[in-house]
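Trainee: Just passing along the structure, written as structure tokens.
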Amino acid sequence: MKRFHEIFKSASVLVFTDQLIFSGSNFLLTFLLVRKLSISEFGIFSSILLITYFLVGISNSFIVQPFQILSAKNFSKKSLGFAFLASLVLISIFSLIIFFITLLPIPAIAFLKNNLSALIVFISAYILQDFLRKILLTIDHIKIVLFIDTVFIIIFPLLGFETSLTLWKSLYIIGIVNIAASIPGIGYLIKNADFGLKNTSLLHYYFAEGKWLLSASVLQWLSGNFFTLAAGVYLGINALGALRLVQSFFGIINVILQTIENYYLPKTAQLYYQNKNQEKKELLLKMMKAIAVLAIIIIGFFTFSESLIIMLGGEKYHQYGFVIKLVSALYIVILYSYPTRISIRVLEQNKAFFIGYSISFIFSVLSFHFLLKYGQLYGAVTGLAMNQIIMIVYWKIILNKKQISVWA
């Protein structure tokens with residue numbers, strides 16, 4: 001019993017448990033909103049979420065990702081406080097930008113003016129909660145993250161029992177629940193961080209590293225969504241709907257991969273800079289086991305693709321079972337790239353990180369017409385896979401050329 005107690009208290013099990021709660025909550029929330037909102041409202045919600053992901057990427061690039069490596073080298077309460085204040089400043093800037101955008105004389109966004117507060121509450125709370133989860137995972141406070149994600153579960157009765165749910169009411173409720181769930185994380189940072197934005201060395205570090213990560217984040221968002229957006233123009237609404245349905249489903253895998261990166265990346269960096277080679281090898285083995293489990297799950301998706309697509313979308317999506325097979329193959333490529341991706345990040349090859357995404361995006365622009373015209377959905381997913389392969393090959397060339405490796 002003591003052995004079982006130790007296992008269930010271990011960091012890896014806590015991270016896995018948290019990931020089950022977090023991934024499951026996001027997956028169920030998506031399909032709850034599909035059923036509760038109208039088609040047009042859910043389409044607007046998906047667009048708002050896409051923009052929110054873009055802003056989260058900026059926050060990660062400027063604050064979270066540099067902090068992950070900096071804390072592994074030399075953690076301090078000042079760096080923790082600086083990151084927290086910087087995130088609040090960035091969220092305030094985003095809110096002001098959204099406010100001024102709604103003042104523009106553009107008919108397509110005029111309807112946002114009457115729902116500006118719901119939009120700002122949702123986006124600000126989402127970015128804040130994402131920041132807190134990643135920062136707390138970086139500094140090994142997994143139990144607080146687990147508590148945050150457990151509290152978020154109250155969203156389901158709040159939305160599920162709402163008889164007259166609208167898009168804007170949904171945004172308010174999700175935003176408020178995110179803020180409530182974030183309170184333990186906010187409390188920890190207020191209690192344990194030293195605050196002060198006037199720190200020249202930290203400002204220089206975040207700017208020096210963040211400029212490449214930010215550029216890469218923008219290109220990553222464009223590259224990841226380019227073929228999807230183009231598919232809607234070239235292939236029509238039905239094909240786009242099938243692709244988005246499958247991508248939403250695989251978002252579960254994507255969230256798990258993000259958590260692997262958020263947890264294992266700072267741990268790897270810490271062991272690398274402390275020259276703890278044996279512990280580093282053990283961590284790599286754990287990460288590879290986690291990736292292997294994901295690969296088995298994805299192979300299961302591939303095998304039962306037709307049954308799965310019907311379960312997700314109904315009989316009307318029966319003909320699109322092959323899309324799950326294609327996206328499954330894409331995610332196997334993504335899994336293969338993760339050790340290389342972590343090496344690039346830990347070794348602070350941020351310029352190479354940016355150039356890899358630049359080459360990938362250029363490929364997207366040059367090839368999308370041919371791939372979509374002649375390959376249709378096959379071409380769209382092939383383009384996404386080629387983006388990943390191009391980046392992996394480039395990053396491996398850079399690491400081999402410089403003769404550096406985290407895992408050696």
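Labeling convention for the structure tokens: chains A, B, ... as they appear, residues from 1 per chain, ligands from 1 in order of appearance.
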Can you list, as an MDAnalysis selection string, every protein, DNA or RNA residue that comes within 9 Å of region 211-216 of chain A when you count only C-alpha atoms, leaving out same-chain residues fewer than 4 positions away?
Mentor: chainID A and resid 57:62 65:66 206:207 220:221 350:358
Trainee: Mind writing the picked residues with C-alpha atoms as a PDB file, in the first residue's frame?
Mentor:
```
ATOM      1  CA  GLY A  57       0.956  32.056 -28.523  1.00  0.00           C
ATOM      2  CA  ILE A  58       2.225  35.618 -28.163  1.00  0.00           C
ATOM      3  CA  SER A  59       2.063  35.357 -24.358  1.00  0.00           C
ATOM      4  CA  ASN A  60       3.932  32.054 -24.441  1.00  0.00           C
ATOM      5  CA  SER A  61       6.605  33.429 -26.763  1.00  0.00           C
ATOM      6  CA  PHE A  62       7.351  36.599 -24.820  1.00  0.00           C
ATOM      7  CA  GLN A  65       8.902  30.031 -22.979  1.00  0.00           C
ATOM      8  CA  PRO A  66      11.826  32.294 -21.950  1.00  0.00           C
ATOM      9  CA  TYR A 206      13.070  38.282 -22.502  1.00  0.00           C
ATOM     10  CA  PHE A 207      13.441  40.581 -25.500  1.00  0.00           C
ATOM     11  CA  GLN A 220       3.389  28.605 -36.426  1.00  0.00           C
ATOM     12  CA  TRP A 221      -0.176  29.901 -36.179  1.00  0.00           C
ATOM     13  CA  ASN A 350      15.458  30.198 -31.106  1.00  0.00           C
ATOM     14  CA  LYS A 351      16.663  31.675 -34.374  1.00  0.00           C
ATOM     15  CA  ALA A 352      16.670  28.170 -35.891  1.00  0.00           C
ATOM     16  CA  PHE A 353      13.228  27.628 -34.336  1.00  0.00           C
ATOM     17  CA  PHE A 354      11.966  30.716 -36.184  1.00  0.00           C
ATOM     18  CA  ILE A 355      13.698  29.860 -39.484  1.00  0.00           C
ATOM     19  CA  GLY A 356      12.201  26.353 -39.400  1.00  0.00           C
ATOM     20  CA  TYR A 357       8.694  27.786 -39.226  1.00  0.00           C
ATOM     21  CA  SER A 358       9.575  30.376 -41.885  1.00  0.00           C
TER      22      SER A 358
END
```
Trainee: Compile the contact shell of Ser38 (chain A) as a PyMOL selection string: residues with an atom at most 12 Å away, counting only C-alpha atoms, same-chain residues fewer than 6 positions apart removed.
Mentor: chain A and resi 32+44-45+164-167
Trainee: Hey, can you spit out that residue selection with N, CA and C atoms as a PDB file, in the first residue's frame?
Mentor:
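File written: selection34.pdb
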```pdb
ATOM      1  N   LEU A  32     -20.203  20.051 -25.917  1.00  0.00           N
ATOM      2  CA  LEU A  32     -21.362  20.601 -25.221  1.00  0.00           C
ATOM      3  C   LEU A  32     -21.833  21.873 -25.919  1.00  0.00           C
ATOM      4  N   ILE A  44     -18.890  31.397 -34.683  1.00  0.00           N
ATOM      5  CA  ILE A  44     -18.274  32.607 -34.122  1.00  0.00           C
ATOM      6  C   ILE A  44     -17.395  32.241 -32.933  1.00  0.00           C
ATOM      7  N   PHE A  45     -17.883  31.319 -32.080  1.00  0.00           N
ATOM      8  CA  PHE A  45     -17.083  30.868 -30.934  1.00  0.00           C
ATOM      9  C   PHE A  45     -15.754  30.266 -31.394  1.00  0.00           C
ATOM     10  N   SER A 164     -31.402  28.808 -21.700  1.00  0.00           N
ATOM     11  CA  SER A 164     -31.374  29.798 -22.787  1.00  0.00           C
ATOM     12  C   SER A 164     -29.936  30.268 -23.029  1.00  0.00           C
ATOM     13  N   LEU A 165     -29.079  29.321 -23.314  1.00  0.00           N
ATOM     14  CA  LEU A 165     -27.654  29.637 -23.471  1.00  0.00           C
ATOM     15  C   LEU A 165     -27.397  30.313 -24.814  1.00  0.00           C
ATOM     16  N   THR A 166     -26.678  31.428 -24.755  1.00  0.00           N
ATOM     17  CA  THR A 166     -26.250  32.120 -25.969  1.00  0.00           C
ATOM     18  C   THR A 166     -24.732  32.139 -26.014  1.00  0.00           C
ATOM     19  N   LEU A 167     -24.212  32.556 -27.149  1.00  0.00           N
ATOM     20  CA  LEU A 167     -22.756  32.627 -27.299  1.00  0.00           C
ATOM     21  C   LEU A 167     -22.144  33.531 -26.241  1.00  0.00           C
TER      22      LEU A 167
END
```
Trainee: Quick one: distance from CA of Thr268 (chain A) to CA of Tyr205 (chain A) in Å, one decimal?
Mentor: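 Computing it gives 20.1 Å between the two atoms.
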Trainee: Give me, please, the distance in Å between CA of Phe226 (chain A) and CA of Leu372 (chain A), quoted to one decimal.
Mentor: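 Calculated distance between CA of Phe226 (chain A) and CA of Leu372 (chain A) is 11.6 Å.
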Trainee: Residues at most 9 Å from Val333 (chain A), counting only C-alpha atoms, excluding those fewer than 6 positions away in the same chain, as a list in words?
Mentor: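 Everything that qualifies: Ala385, Gln388 and Ile389 of chain A.
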Trainee: In region 163-211 of chain A, what's alpha helix (DSSP H) per DSSP? Answer as JSON, numbers by chain?
Mentor: {"A": [167, 168, 169, 170, 171, 172, 173, 174, 175, 176, 177, 178, 179, 180, 181, 182, 183, 184, 185, 186, 187, 188, 189, 190, 191, 192, 200, 201, 202, 203, 204, 205, 206, 207, 208, 209, 210, 211]}
Trainee: Please list as a VMD selection string every residue within 10 Å of Arg133 (chain A), counting only C-alpha atoms and excluding residues in the same chain fewer than 6 positions away.
Mentor: chain A and resid 141 to 142 144 to 146 148 to 149 182 185 259 262
Trainee: Here is a test: counting only C-alpha atoms, which residue of A:Gln319, A:Thr52, A:Asn387, A:Gln68 is nearest to Ile98 (chain A)?
Mentor: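 Ranking A:Gln319, A:Thr52, A:Asn387, A:Gln68 by distance to Ile98 (chain A), first place goes to A:Thr52.
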Trainee: Which one is closest to Lys286 (chain A): A:Ile260, A:Asn74, A:Ser40, A:Ile139? Count only C-alpha atoms.
Mentor: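 Looking only at the distances to Lys286 (chain A), the closest residue turns out to be A:Ile260.
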Trainee: Neighbouring residues of Tyr331 (chain A) were defined as those with any atom within 9 Å, considering only C-alpha atoms; residues of the same chain fewer than 6 positions away were excluded. Please report them as a VMD selection string.
Mentor: chain A and resid 250 253 to 254 295 298 385
Trainee: Can you measure CA of Leu189 (chain A) to CA of Leu85 (chain A) for me? One decimal in Å is fine.
Mentor: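 Separation of CA of Leu189 (chain A) and CA of Leu85 (chain A): 10.1 Å.
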Trainee: With distances taken over only C-alpha atoms, which of A:Leu158, A:Leu219, A:Leu136, A:Lys77 is nearest to Ala193 (chain A)?
Mentor: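 Once distances to Ala193 (chain A) are computed over only C-alpha atoms, the minimum belongs to A:Lys77.
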Trainee: Which one is closest to Arg35 (chain A): A:Ile291, A:Ile48, A:Leu159, A:Ile176? Count only C-alpha atoms.
Mentor: A:Leu159
Trainee: Which one of A:Leu55, A:Ile362, A:Val327, A:Leu257 sits closest to Val293 (chain A) if you count only C-alpha atoms?
Mentor: A:Leu257
